[in-house]
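Enquirer: Below is my_file_26.txt; it holds compact mmCIF, C-alpha atoms.
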# COMPACT_ATOMS: atom_id res chain seq x y z
CA MET A 569 -246.15 -45.69 -184.47
CA SER A 570 -245.85 -46.00 -180.75
CA GLU A 571 -248.05 -48.21 -178.72
CA ILE A 572 -247.16 -46.34 -175.61
CA GLY A 573 -247.61 -42.80 -174.50
CA LYS A 574 -251.29 -43.13 -173.95
CA THR A 575 -252.59 -42.35 -170.50
CA ASP A 576 -253.33 -45.99 -169.63
CA ASN A 577 -249.67 -46.87 -170.14
CA SER A 578 -248.31 -44.01 -168.10
CA ASP A 579 -247.58 -46.21 -165.07
CA LYS A 580 -245.48 -48.54 -167.16
CA LEU A 581 -243.69 -45.57 -168.71
CA ASN A 582 -243.07 -44.00 -165.31
CA GLU A 583 -241.57 -47.24 -164.10
CA ILE A 584 -239.26 -47.40 -167.11
CA ILE A 585 -238.18 -43.79 -166.60
CA SER A 586 -237.54 -44.46 -162.95
CA ARG A 587 -235.32 -47.42 -163.83
CA CYS A 588 -233.54 -45.28 -166.42
CA ARG A 589 -232.72 -42.78 -163.69
CA ASP A 590 -231.22 -45.61 -161.69
CA GLY A 591 -228.95 -46.37 -164.63
CA ASP A 592 -230.74 -49.49 -165.81
CA ASN A 593 -229.43 -50.23 -169.29
CA HIS A 594 -232.38 -52.44 -170.16
CA ALA A 595 -234.80 -49.65 -169.30
CA PHE A 596 -232.99 -47.33 -171.69
CA SER A 597 -233.34 -49.93 -174.40
CA GLN A 598 -237.05 -50.11 -173.69
CA LEU A 599 -237.33 -46.35 -173.92
CA ILE A 600 -235.50 -46.38 -177.24
CA ASP A 601 -237.80 -49.10 -178.56
CA LEU A 602 -240.87 -47.21 -177.47
CA PHE A 603 -240.03 -43.81 -178.89
CA SER A 604 -237.49 -44.28 -181.65
CA ALA A 605 -240.02 -44.68 -184.46
CA ARG A 606 -241.97 -41.55 -183.58
CA CYS A 607 -238.85 -39.47 -183.09
CA TYR A 608 -237.29 -40.80 -186.25
CA GLY A 609 -240.47 -39.99 -188.18
CA TYR A 610 -240.38 -36.46 -186.78
CA PHE A 611 -236.77 -35.95 -187.87
CA TYR A 612 -237.23 -37.65 -191.21
CA ARG A 613 -240.27 -35.60 -192.20
CA LEU A 614 -238.41 -32.41 -191.35
CA THR A 615 -235.09 -33.21 -193.00
CA GLY A 616 -236.15 -35.61 -195.76
CA ASN A 617 -232.87 -37.37 -195.27
CA ALA A 618 -232.29 -40.77 -193.67
CA GLY A 619 -228.63 -40.15 -192.79
CA ILE A 620 -229.35 -36.87 -191.04
CA SER A 621 -232.34 -38.41 -189.28
CA ASP A 622 -230.11 -41.25 -188.05
CA ASP A 623 -227.68 -38.72 -186.67
CA LEU A 624 -230.37 -36.60 -185.03
CA LEU A 625 -232.00 -39.65 -183.48
CA SER A 626 -228.65 -40.74 -182.03
CA ARG A 627 -228.09 -37.27 -180.64
CA LEU A 628 -231.58 -37.26 -179.15
CA PHE A 629 -231.09 -40.48 -177.23
CA VAL A 630 -227.63 -39.53 -176.06
CA ARG A 631 -229.07 -36.28 -174.75
CA LEU A 632 -232.00 -38.15 -173.28
CA PHE A 633 -229.54 -40.37 -171.45
CA GLU A 634 -227.66 -37.34 -170.15
CA LYS A 635 -230.75 -35.40 -169.13
CA ILE A 636 -233.16 -38.06 -167.90
CA GLU A 637 -232.48 -37.09 -164.30
CA SER A 638 -233.75 -33.59 -165.00
CA PHE A 639 -237.17 -34.93 -166.04
CA ARG A 640 -239.45 -33.86 -163.21
CA GLY A 641 -242.62 -35.72 -164.10
CA GLY A 642 -245.56 -34.57 -166.17
CA SER A 643 -245.89 -35.48 -169.82
CA PHE A 644 -242.84 -37.41 -170.91
CA GLU A 645 -243.73 -36.91 -174.58
CA LYS A 646 -243.80 -33.18 -174.06
CA TRP A 647 -240.38 -33.28 -172.46
CA LEU A 648 -238.94 -35.68 -175.03
CA PHE A 649 -240.21 -33.80 -178.05
CA THR A 650 -239.09 -30.50 -176.60
CA VAL A 651 -235.59 -31.98 -176.51
CA ALA A 652 -236.10 -33.33 -180.05
CA SER A 653 -237.27 -29.92 -181.22
CA ASN A 654 -234.21 -28.27 -179.68
CA ILE A 655 -231.96 -30.76 -181.43
CA PHE A 656 -233.68 -30.12 -184.74
CA ASN A 657 -233.38 -26.37 -184.30
CA ASP A 658 -229.69 -26.74 -183.44
CA TYR A 659 -229.33 -28.71 -186.64
CA LEU A 660 -231.15 -25.99 -188.62
CA ARG A 661 -228.89 -23.31 -187.20
CA HIS A 662 -225.85 -25.37 -188.04
CA GLU A 663 -227.16 -25.92 -191.56
CA TYR A 664 -227.82 -22.24 -191.95
CA ARG A 665 -224.25 -21.42 -190.93
CA GLN A 666 -222.94 -24.07 -193.28
CA LYS A 667 -225.06 -22.71 -196.07
CA LYS A 668 -223.77 -19.22 -195.52
CA LEU A 669 -220.25 -20.54 -195.44
CA LEU A 670 -220.80 -22.45 -198.64
CA GLU A 671 -222.30 -19.43 -200.34
CA THR A 672 -219.23 -17.46 -199.42
CA HIS A 673 -216.94 -20.04 -200.92
CA ALA A 674 -219.34 -21.37 -203.52
CA GLU A 675 -217.09 -20.91 -206.47
CA GLN A 676 -214.14 -22.66 -204.89
CA LEU A 677 -216.16 -25.50 -203.50
CA ALA A 678 -218.58 -26.07 -206.37
CA MET A 679 -216.23 -28.44 -208.08
CA GLU A 680 -215.43 -30.42 -204.96
CA LEU A 681 -218.83 -30.93 -203.36
CA PRO A 682 -220.50 -34.32 -203.62
CA PRO A 683 -224.15 -34.26 -204.62
CA SER A 684 -226.47 -33.61 -201.71
CA GLN A 685 -227.78 -36.71 -200.01
CA ALA A 686 -231.29 -35.30 -200.02
CA ASP A 687 -231.16 -34.85 -203.77
CA SER A 688 -230.06 -38.37 -204.38
CA GLU A 689 -232.49 -39.93 -201.95
CA MET A 690 -235.83 -41.27 -202.95
CA VAL A 691 -238.41 -39.12 -201.26
CA ASP A 692 -242.14 -39.67 -201.29
CA LYS A 693 -244.62 -37.14 -202.51
CA LEU A 694 -245.62 -36.03 -199.06
CA GLN A 695 -242.00 -35.33 -198.23
CA ARG A 696 -241.65 -33.06 -201.23
CA GLN A 697 -244.77 -31.12 -200.27
CA ILE A 698 -243.69 -30.78 -196.66
CA ALA A 699 -240.47 -29.22 -197.92
CA LYS A 700 -242.57 -26.48 -199.50
CA LEU A 701 -243.91 -25.38 -196.14
CA ASP A 702 -241.95 -22.86 -194.14
CA ASP A 703 -239.67 -24.39 -191.50
CA GLU A 704 -241.67 -23.23 -188.52
CA THR A 705 -245.01 -24.50 -189.81
CA ALA A 706 -243.54 -27.81 -190.90
CA GLU A 707 -241.91 -28.30 -187.53
CA LEU A 708 -245.10 -27.46 -185.67
CA ILE A 709 -247.18 -29.88 -187.74
CA MET A 710 -244.67 -32.70 -187.33
CA LEU A 711 -244.22 -31.98 -183.65
CA ARG A 712 -247.95 -32.27 -183.12
CA PHE A 713 -248.33 -35.34 -185.27
CA TYR A 714 -245.43 -37.41 -183.93
CA SER A 715 -245.48 -36.30 -180.31
CA GLY A 716 -249.21 -36.68 -179.89
CA LEU A 717 -249.29 -33.52 -177.84
CA SER A 718 -252.52 -31.59 -177.42
CA PHE A 719 -252.76 -28.06 -178.76
CA LYS A 720 -252.45 -26.77 -175.19
CA GLU A 721 -249.23 -28.71 -174.58
CA LEU A 722 -247.94 -27.72 -177.98
CA SER A 723 -248.52 -24.04 -177.28
CA GLU A 724 -246.72 -24.43 -173.94
CA CYS A 725 -243.76 -26.04 -175.70
CA ARG A 726 -243.65 -23.21 -178.19
CA ARG A 727 -244.29 -20.57 -175.56
CA GLU A 728 -247.02 -18.98 -177.59
CA PRO A 729 -250.79 -18.51 -177.17
CA ILE A 730 -252.88 -21.55 -178.01
CA GLY A 731 -254.80 -19.55 -180.60
CA THR A 732 -251.56 -18.87 -182.47
CA THR A 733 -250.64 -22.56 -182.43
CA LEU A 734 -254.10 -23.57 -183.60
CA SER A 735 -254.00 -21.08 -186.41
CA LYS A 736 -250.54 -22.15 -187.62
CA VAL A 737 -251.37 -25.86 -187.55
CA HIS A 738 -254.70 -25.30 -189.25
CA ARG A 739 -253.21 -23.20 -192.04
CA GLY A 740 -250.26 -25.52 -192.44
CA LEU A 741 -252.34 -28.68 -192.71
CA ARG A 742 -254.75 -27.02 -195.13
CA LYS A 743 -251.86 -25.91 -197.31
CA LEU A 744 -250.30 -29.35 -197.19
CA ARG A 745 -253.56 -30.90 -198.21
CA GLU A 746 -253.84 -28.49 -201.12
CA LEU A 747 -250.29 -29.25 -202.19
CA MET A 748 -251.06 -32.94 -202.11
CA GLY A 749 -253.94 -32.35 -204.49
CA GLY A 750 -256.78 -31.86 -202.09
CA THR A 751 -257.19 -35.53 -201.32
CA ASP A 752 -256.58 -37.42 -198.13
CA ALA A 753 -254.17 -39.83 -199.76
CA MET B 131 -251.24 -39.11 -184.92
CA PRO B 132 -252.28 -36.72 -182.24
CA ASP B 133 -254.12 -38.79 -179.71
CA LYS B 134 -254.87 -36.94 -176.60
CA HIS B 135 -258.57 -37.58 -176.92
CA GLU B 136 -258.61 -33.91 -177.67
CA ASN B 137 -261.96 -32.44 -178.45
CA LEU B 138 -261.15 -30.27 -181.47
CA GLU B 139 -264.61 -28.78 -181.51
CA GLN B 140 -264.18 -27.60 -177.96
CA VAL B 141 -260.63 -26.30 -178.47
CA LEU B 142 -261.35 -24.57 -181.77
CA GLY B 143 -264.75 -23.43 -180.52
CA ASN B 144 -262.99 -20.89 -178.31
CA PHE B 145 -261.80 -19.07 -181.43
CA LEU B 146 -264.16 -19.99 -184.25
CA ASP B 147 -267.82 -20.67 -184.73
CA GLY B 148 -270.35 -21.67 -187.36
CA PRO B 149 -269.03 -22.88 -190.72
CA GLU B 150 -265.49 -21.67 -189.95
CA LEU B 151 -265.33 -23.96 -186.97
CA GLN B 152 -266.49 -26.94 -188.98
CA ASN B 153 -264.06 -26.17 -191.82
CA ALA B 154 -261.14 -25.96 -189.39
CA ILE B 155 -262.09 -29.28 -187.81
CA ASP B 156 -262.35 -30.86 -191.27
CA ASP B 157 -259.00 -29.40 -192.39
CA ILE B 158 -257.14 -30.58 -189.32
CA GLY B 159 -258.75 -34.01 -189.44
CA ALA B 160 -257.94 -34.40 -193.13
CA GLY B 161 -254.34 -33.26 -192.55
CA ASP B 162 -253.90 -35.79 -189.77
CA ARG B 163 -255.26 -38.56 -191.98
CA LEU B 164 -252.93 -37.48 -194.77
CA LEU B 165 -249.90 -37.82 -192.53
CA ALA B 166 -251.12 -41.13 -191.12
CA GLN B 167 -251.61 -42.55 -194.62
CA ASN B 168 -248.07 -41.59 -195.59
CA PRO B 169 -245.97 -42.96 -192.79
CA ALA B 170 -242.34 -41.96 -192.49
CA PRO B 171 -239.72 -44.73 -192.68
CA ARG B 172 -238.76 -46.39 -189.43
CA PRO B 173 -235.24 -46.35 -188.04
CA SER B 174 -233.13 -49.28 -189.13
CA ALA B 175 -232.32 -52.11 -186.74
CA ARG B 176 -228.65 -51.29 -187.18
CA LEU B 177 -229.21 -47.71 -186.07
CA LEU B 178 -231.09 -48.84 -182.99
CA GLU B 179 -228.33 -51.31 -182.17
CA ARG B 180 -225.77 -48.55 -182.47
CA ILE B 181 -227.78 -46.22 -180.24
CA ASN B 182 -228.24 -48.96 -177.66
CA ALA B 183 -224.51 -49.68 -177.73
CA ASP B 184 -223.72 -45.96 -177.36
CA VAL B 185 -226.04 -45.66 -174.39
CA ALA B 186 -224.62 -48.82 -172.78
CA SER B 187 -221.12 -47.47 -173.23
CA ALA B 188 -222.07 -44.07 -171.81
CA LEU B 189 -223.76 -45.82 -168.90
CA ALA B 190 -220.65 -47.86 -168.14
CA HIS B 191 -218.57 -44.70 -168.32
CA ARG B 192 -220.95 -42.93 -165.95
CA ARG B 193 -220.81 -45.82 -163.46
CA HIS B 194 -217.03 -45.76 -163.58
CA ARG B 195 -217.01 -42.01 -163.07
CA ARG B 196 -219.43 -42.29 -160.14
CA ARG B 197 -217.34 -45.00 -158.51
CA ARG B 198 -214.28 -42.82 -158.90
CA MET B 199 -216.07 -39.80 -157.49
CA LEU B 200 -217.29 -41.92 -154.59
CA SER B 201 -213.79 -43.13 -153.92
CA ILE B 202 -212.43 -39.58 -154.03
CA GLY B 203 -215.27 -38.44 -151.80
CA ARG B 204 -214.45 -41.10 -149.23
CA SER B 205 -210.78 -40.15 -149.24
CA VAL B 206 -211.62 -36.49 -148.80
CA ALA B 207 -214.03 -37.30 -145.98
CA ALA B 208 -211.40 -39.44 -144.23
CA ALA B 209 -208.81 -36.68 -144.59
CA ALA B 210 -211.26 -34.12 -143.28
CA ALA B 211 -212.06 -36.33 -140.30
CA ILE B 212 -208.35 -36.72 -139.50
CA VAL B 213 -207.82 -32.97 -139.75
CA MET B 214 -210.82 -32.32 -137.50
CA VAL B 215 -209.66 -34.78 -134.85
CA ALA B 216 -206.13 -33.41 -135.00
CA SER B 217 -207.34 -29.84 -134.66
CA MET B 218 -209.61 -30.80 -131.76
CA LEU B 219 -206.72 -32.47 -129.96
CA PHE B 220 -204.51 -29.50 -130.68
CA PHE B 221 -207.06 -27.03 -129.34
CA SER B 222 -207.70 -29.16 -126.26
CA GLY B 223 -203.99 -29.09 -125.43
CA HIS B 224 -203.80 -25.45 -126.38
CA VAL B 225 -206.51 -24.54 -123.90
CA ILE B 226 -204.70 -26.30 -121.06
CA ARG B 227 -201.31 -24.83 -121.89
CA GLU B 228 -202.14 -21.32 -123.01
CA ARG B 229 -205.07 -20.52 -120.82
CA PRO B 230 -204.39 -21.88 -117.39
CA GLY B 231 -207.44 -20.14 -116.00
CA THR B 232 -209.70 -22.19 -118.19
CA HIS B 233 -210.91 -25.39 -116.65
CA PRO B 234 -209.62 -28.25 -118.81
CA GLY B 235 -213.06 -29.81 -118.75
CA VAL B 236 -214.46 -26.94 -120.80
CA ALA B 237 -212.66 -28.15 -123.86
CA PHE B 238 -214.01 -31.63 -123.37
CA ALA B 239 -217.49 -30.48 -122.48
CA ALA B 240 -217.76 -28.33 -125.57
CA ARG B 241 -217.02 -31.33 -127.72
CA GLY B 242 -219.31 -33.66 -125.82
CA TRP B 243 -216.50 -35.98 -124.80
CA TRP B 244 -218.05 -36.89 -121.48
CA ASP B 245 -217.24 -40.54 -121.44
CA ASP B 246 -215.77 -42.25 -118.37
CA ASN B 247 -212.19 -42.12 -119.56
CA ALA B 248 -212.40 -38.43 -120.26
CA VAL B 249 -213.90 -37.68 -116.84
CA GLU B 250 -211.28 -39.78 -115.09
CA GLY B 251 -208.46 -38.19 -117.06
CA MET B 252 -209.75 -34.74 -116.38
CA SER B 253 -210.19 -35.40 -112.65
CA SER B 254 -206.63 -36.63 -112.32
CA ALA B 255 -205.43 -33.59 -114.25
CA VAL B 256 -207.32 -31.32 -111.84
CA ASP B 257 -205.88 -33.19 -108.85
CA ASP B 258 -202.39 -32.82 -110.25
CA VAL B 259 -202.84 -29.11 -110.71
CA PHE B 260 -204.27 -28.74 -107.20
CA GLN B 261 -201.43 -30.72 -105.61
CA THR B 262 -198.88 -28.71 -107.52
CA MET B 263 -200.38 -25.49 -106.22
CA LEU B 264 -200.37 -26.78 -102.64
CA THR B 265 -196.80 -27.90 -102.99
CA ILE B 266 -195.70 -24.56 -104.30
CA GLY B 267 -197.58 -22.80 -101.51
CA SER B 268 -196.00 -24.84 -98.69
CA HIS B 269 -192.55 -25.29 -100.29
CA GLU B 270 -192.80 -28.90 -99.21
CA SER B 271 -191.02 -30.20 -102.14
CA TYR B 272 -187.96 -28.09 -101.52
CA THR B 273 -185.03 -29.52 -99.52
CA GLU B 274 -182.84 -27.26 -97.50
CA GLN B 275 -180.44 -26.82 -100.34
CA GLN B 276 -183.23 -26.16 -102.76
CA ILE B 277 -184.94 -23.42 -100.81
CA PRO B 278 -184.58 -20.26 -102.80
CA ASP B 279 -182.47 -17.48 -101.40
CA PHE B 280 -185.32 -15.02 -101.26
CA ILE B 281 -186.91 -17.22 -98.56
CA VAL B 282 -183.93 -17.67 -96.24
CA SER B 283 -181.94 -14.53 -96.82
CA GLY B 284 -182.22 -10.95 -97.82
CA SER B 285 -184.47 -8.25 -96.40
CA ASP B 286 -186.79 -10.60 -94.49
CA GLU B 287 -184.07 -11.75 -91.97
CA PRO B 288 -183.62 -8.47 -90.00
CA GLU B 289 -187.40 -8.44 -89.57
CA PHE B 290 -187.29 -11.78 -87.75
CA ILE B 291 -184.44 -10.54 -85.56
CA ALA B 292 -186.30 -7.39 -84.73
CA ILE B 293 -189.40 -9.30 -83.71
CA SER B 294 -187.42 -11.65 -81.46
CA ASP B 295 -186.07 -8.63 -79.60
CA PRO B 296 -187.97 -8.29 -76.26
CA PHE B 297 -187.91 -4.48 -76.27
CA TRP B 298 -191.48 -4.25 -77.46
CA LYS B 299 -192.78 -6.19 -74.41
CA GLY B 300 -192.25 -3.04 -72.42
Would you encode the structure as structure tokens?
Expert:
Amino acid sequence: MSEIGKTDNSDKLNEIISRCRDGDNHAFSQLIDLFSARCYGYFYRLTGNAGISDDLLSRLFVRLFEKIESFRGGSFEKWLFTVASNIFNDYLRHEYRQKKLLETHAEQLAMELPPSQADSEMVDKLQRQIAKLDDETAELIMLRFYSGLSFKELSECRREPIGTTLSKVHRGLRKLRELMGGTDA
Amino acid sequence: MPDKHENLEQVLGNFLDGPELQNAIDDIGAGDRLLAQNPAPRPSARLLERINADVASALAHRRHRRRRMLSIGRSVAAAAAIVMVASMLFFSGHVIRERPGTHPGVAFAARGWWDDNAVEGMSSAVDDVFQTMLTIGSHESYTEQQIPDFIVSGSDEPEFIAISDPFWKG
């Protein structure tokens, strides 16, 4: 995962962000290199689909490019993953609408639809178990894991009490561990 | 891989204690290890190239747009400056023409135009006005033919005749 984002690299990160604000193309490339793997992992674990993750990652960096001037300091990871979370939730809402639409026209479309990408894609065991968690819990666990945010920052992102966040993450991780067979691997 | 050097015992200790606290710490730690041991795929090099190209293109577009906005801004500023100067000149002239009682210098003073040329111009304008008033008062500029009738004829003439009559000397 990322080698940056730790406190001791914050000066370097601030410098890159500052250059991004000035429209430095190279700085944007650096930002993409630094965060793409973590953000991609976040999207992939939530969607289980490489194509959708590609699309969401592209959207994230385009939005990052558009909004970088609105970043007012503080934790960049918190800001970045809040944007990522919004993009994922937009995607979920869109999927939900699509699903409803498809249900409405299921009979007509059943013959025409190609098989779902997710179905045809090789997914690892962890991915299958994550899919069994409810959306909110899965998103919270992945947000915490890939963003590296503390529970306090996470609760601020989610606008909920820290105790609620702790409880959801704890229950979610315990359930995931049980689904995986109770082992660490 | 949450890595905020977060002290789970301290954070969870605000809500749990005893064996529950230890179980929660173990569960979260084990869950984190589980995720770390099953890494998600990384984005492909092609995807990153595409994103970089998209961003570079958007950046170029933004620069172009900013240059255009700057150019438009300059044009608007120049037009505004011309309109301001024109309106100032208009109002300066307007003050002199429409409000003769107003000292012409007021218009200049209000705009801070007290350079040497302005002072000189205004002084000569004042002199001209003063001379004109004197001329009108003394009718010096009128020739005999140009003297208006009301001065040389009409009701004032009998008055002169009456005064020249010596009857009043007694």
Enquirer: Any idea which chain B residues end up within 10 Å of chain A if we count all atoms listed in the file, as a PDB file with C-alpha atoms, in the frame of the given file please?
Expert:
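Contents of part29.pdb, freshly written:
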ATOM      1  CA  MET B 131    -251.240 -39.110-184.920  1.00  0.00           C
ATOM      2  CA  PRO B 132    -252.280 -36.720-182.240  1.00  0.00           C
ATOM      3  CA  ASP B 133    -254.120 -38.790-179.710  1.00  0.00           C
ATOM      4  CA  LYS B 134    -254.870 -36.940-176.600  1.00  0.00           C
ATOM      5  CA  HIS B 135    -258.570 -37.580-176.920  1.00  0.00           C
ATOM      6  CA  GLU B 136    -258.610 -33.910-177.670  1.00  0.00           C
ATOM      7  CA  ASN B 137    -261.960 -32.440-178.450  1.00  0.00           C
ATOM      8  CA  LEU B 138    -261.150 -30.270-181.470  1.00  0.00           C
ATOM      9  CA  VAL B 141    -260.630 -26.300-178.470  1.00  0.00           C
ATOM     10  CA  LEU B 142    -261.350 -24.570-181.770  1.00  0.00           C
ATOM     11  CA  ASN B 144    -262.990 -20.890-178.310  1.00  0.00           C
ATOM     12  CA  PHE B 145    -261.800 -19.070-181.430  1.00  0.00           C
ATOM     13  CA  ASN B 153    -264.060 -26.170-191.820  1.00  0.00           C
ATOM     14  CA  ALA B 154    -261.140 -25.960-189.390  1.00  0.00           C
ATOM     15  CA  ILE B 155    -262.090 -29.280-187.810  1.00  0.00           C
ATOM     16  CA  ASP B 156    -262.350 -30.860-191.270  1.00  0.00           C
ATOM     17  CA  ASP B 157    -259.000 -29.400-192.390  1.00  0.00           C
ATOM     18  CA  ILE B 158    -257.140 -30.580-189.320  1.00  0.00           C
ATOM     19  CA  GLY B 159    -258.750 -34.010-189.440  1.00  0.00           C
ATOM     20  CA  ALA B 160    -257.940 -34.400-193.130  1.00  0.00           C
ATOM     21  CA  GLY B 161    -254.340 -33.260-192.550  1.00  0.00           C
ATOM     22  CA  ASP B 162    -253.900 -35.790-189.770  1.00  0.00           C
ATOM     23  CA  ARG B 163    -255.260 -38.560-191.980  1.00  0.00           C
ATOM     24  CA  LEU B 164    -252.930 -37.480-194.770  1.00  0.00           C
ATOM     25  CA  LEU B 165    -249.900 -37.820-192.530  1.00  0.00           C
ATOM     26  CA  ALA B 166    -251.120 -41.130-191.120  1.00  0.00           C
ATOM     27  CA  GLN B 167    -251.610 -42.550-194.620  1.00  0.00           C
ATOM     28  CA  ASN B 168    -248.070 -41.590-195.590  1.00  0.00           C
ATOM     29  CA  PRO B 169    -245.970 -42.960-192.790  1.00  0.00           C
ATOM     30  CA  ALA B 170    -242.340 -41.960-192.490  1.00  0.00           C
ATOM     31  CA  PRO B 171    -239.720 -44.730-192.680  1.00  0.00           C
ATOM     32  CA  ARG B 172    -238.760 -46.390-189.430  1.00  0.00           C
ATOM     33  CA  PRO B 173    -235.240 -46.350-188.040  1.00  0.00           C
ATOM     34  CA  SER B 174    -233.130 -49.280-189.130  1.00  0.00           C
ATOM     35  CA  LEU B 177    -229.210 -47.710-186.070  1.00  0.00           C
ATOM     36  CA  LEU B 178    -231.090 -48.840-182.990  1.00  0.00           C
ATOM     37  CA  GLU B 179    -228.330 -51.310-182.170  1.00  0.00           C
ATOM     38  CA  ARG B 180    -225.770 -48.550-182.470  1.00  0.00           C
ATOM     39  CA  ILE B 181    -227.780 -46.220-180.240  1.00  0.00           C
ATOM     40  CA  ASN B 182    -228.240 -48.960-177.660  1.00  0.00           C
ATOM     41  CA  ALA B 183    -224.510 -49.680-177.730  1.00  0.00           C
ATOM     42  CA  ASP B 184    -223.720 -45.960-177.360  1.00  0.00           C
ATOM     43  CA  VAL B 185    -226.040 -45.660-174.390  1.00  0.00           C
ATOM     44  CA  ALA B 186    -224.620 -48.820-172.780  1.00  0.00           C
ATOM     45  CA  SER B 187    -221.120 -47.470-173.230  1.00  0.00           C
ATOM     46  CA  ALA B 188    -222.070 -44.070-171.810  1.00  0.00           C
ATOM     47  CA  LEU B 189    -223.760 -45.820-168.900  1.00  0.00           C
ATOM     48  CA  ALA B 190    -220.650 -47.860-168.140  1.00  0.00           C
ATOM     49  CA  ARG B 192    -220.950 -42.930-165.950  1.00  0.00           C
ATOM     50  CA  ARG B 193    -220.810 -45.820-163.460  1.00  0.00           C
TER      51      ARG B 193
END
Enquirer: Pick from A:Leu581, A:Leu614, A:Ala652, A:Leu670: nearest to Ala699 (chain A), with all atoms listed in the file counted?
Expert: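 Ranked by minimum distance to Ala699 (chain A), first place goes to A:Leu614.
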Enquirer: In Å, rounded to a single decimal, give me how far CA of Pro729 (chain A) is from CA of Gly148 (chain B).
Expert: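 Calculated distance between CA of Gly148 (chain B) and CA of Pro729 (chain A) is 22.3 Å.
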Enquirer: To one decimal in Å, tell me the separation between CA of Cys588 (chain A) and CA of Ile636 (chain A).
Expert: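 Separation of CA of Cys588 (chain A) and CA of Ile636 (chain A): 7.4 Å.
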Enquirer: For CA of Glu583 (chain A) and CA of Arg198 (chain B), determine how far apart the two atoms are, in Å to one decimal place.
Expert: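 So the answer is 28.1 Å.
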Enquirer: Which one is closest to Gln697 (chain A): A:Leu747, A:Lys668, A:Lys635, A:Gly642? Count all atoms listed in the file.
Expert: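 Distance minimum relative to Gln697 (chain A) lands on A:Leu747.
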Enquirer: Listed atoms of region 196-215 of chain B, axis-aligned box, 3 Å per side: centre and edge lengths to one decimal in Å, as AutoDock Vina command-line options?
Expert:
--center_x -213.6 --center_y -38.7 --center_z -147.5 --size_x 17.6 --size_y 18.7 --size_z 31.3
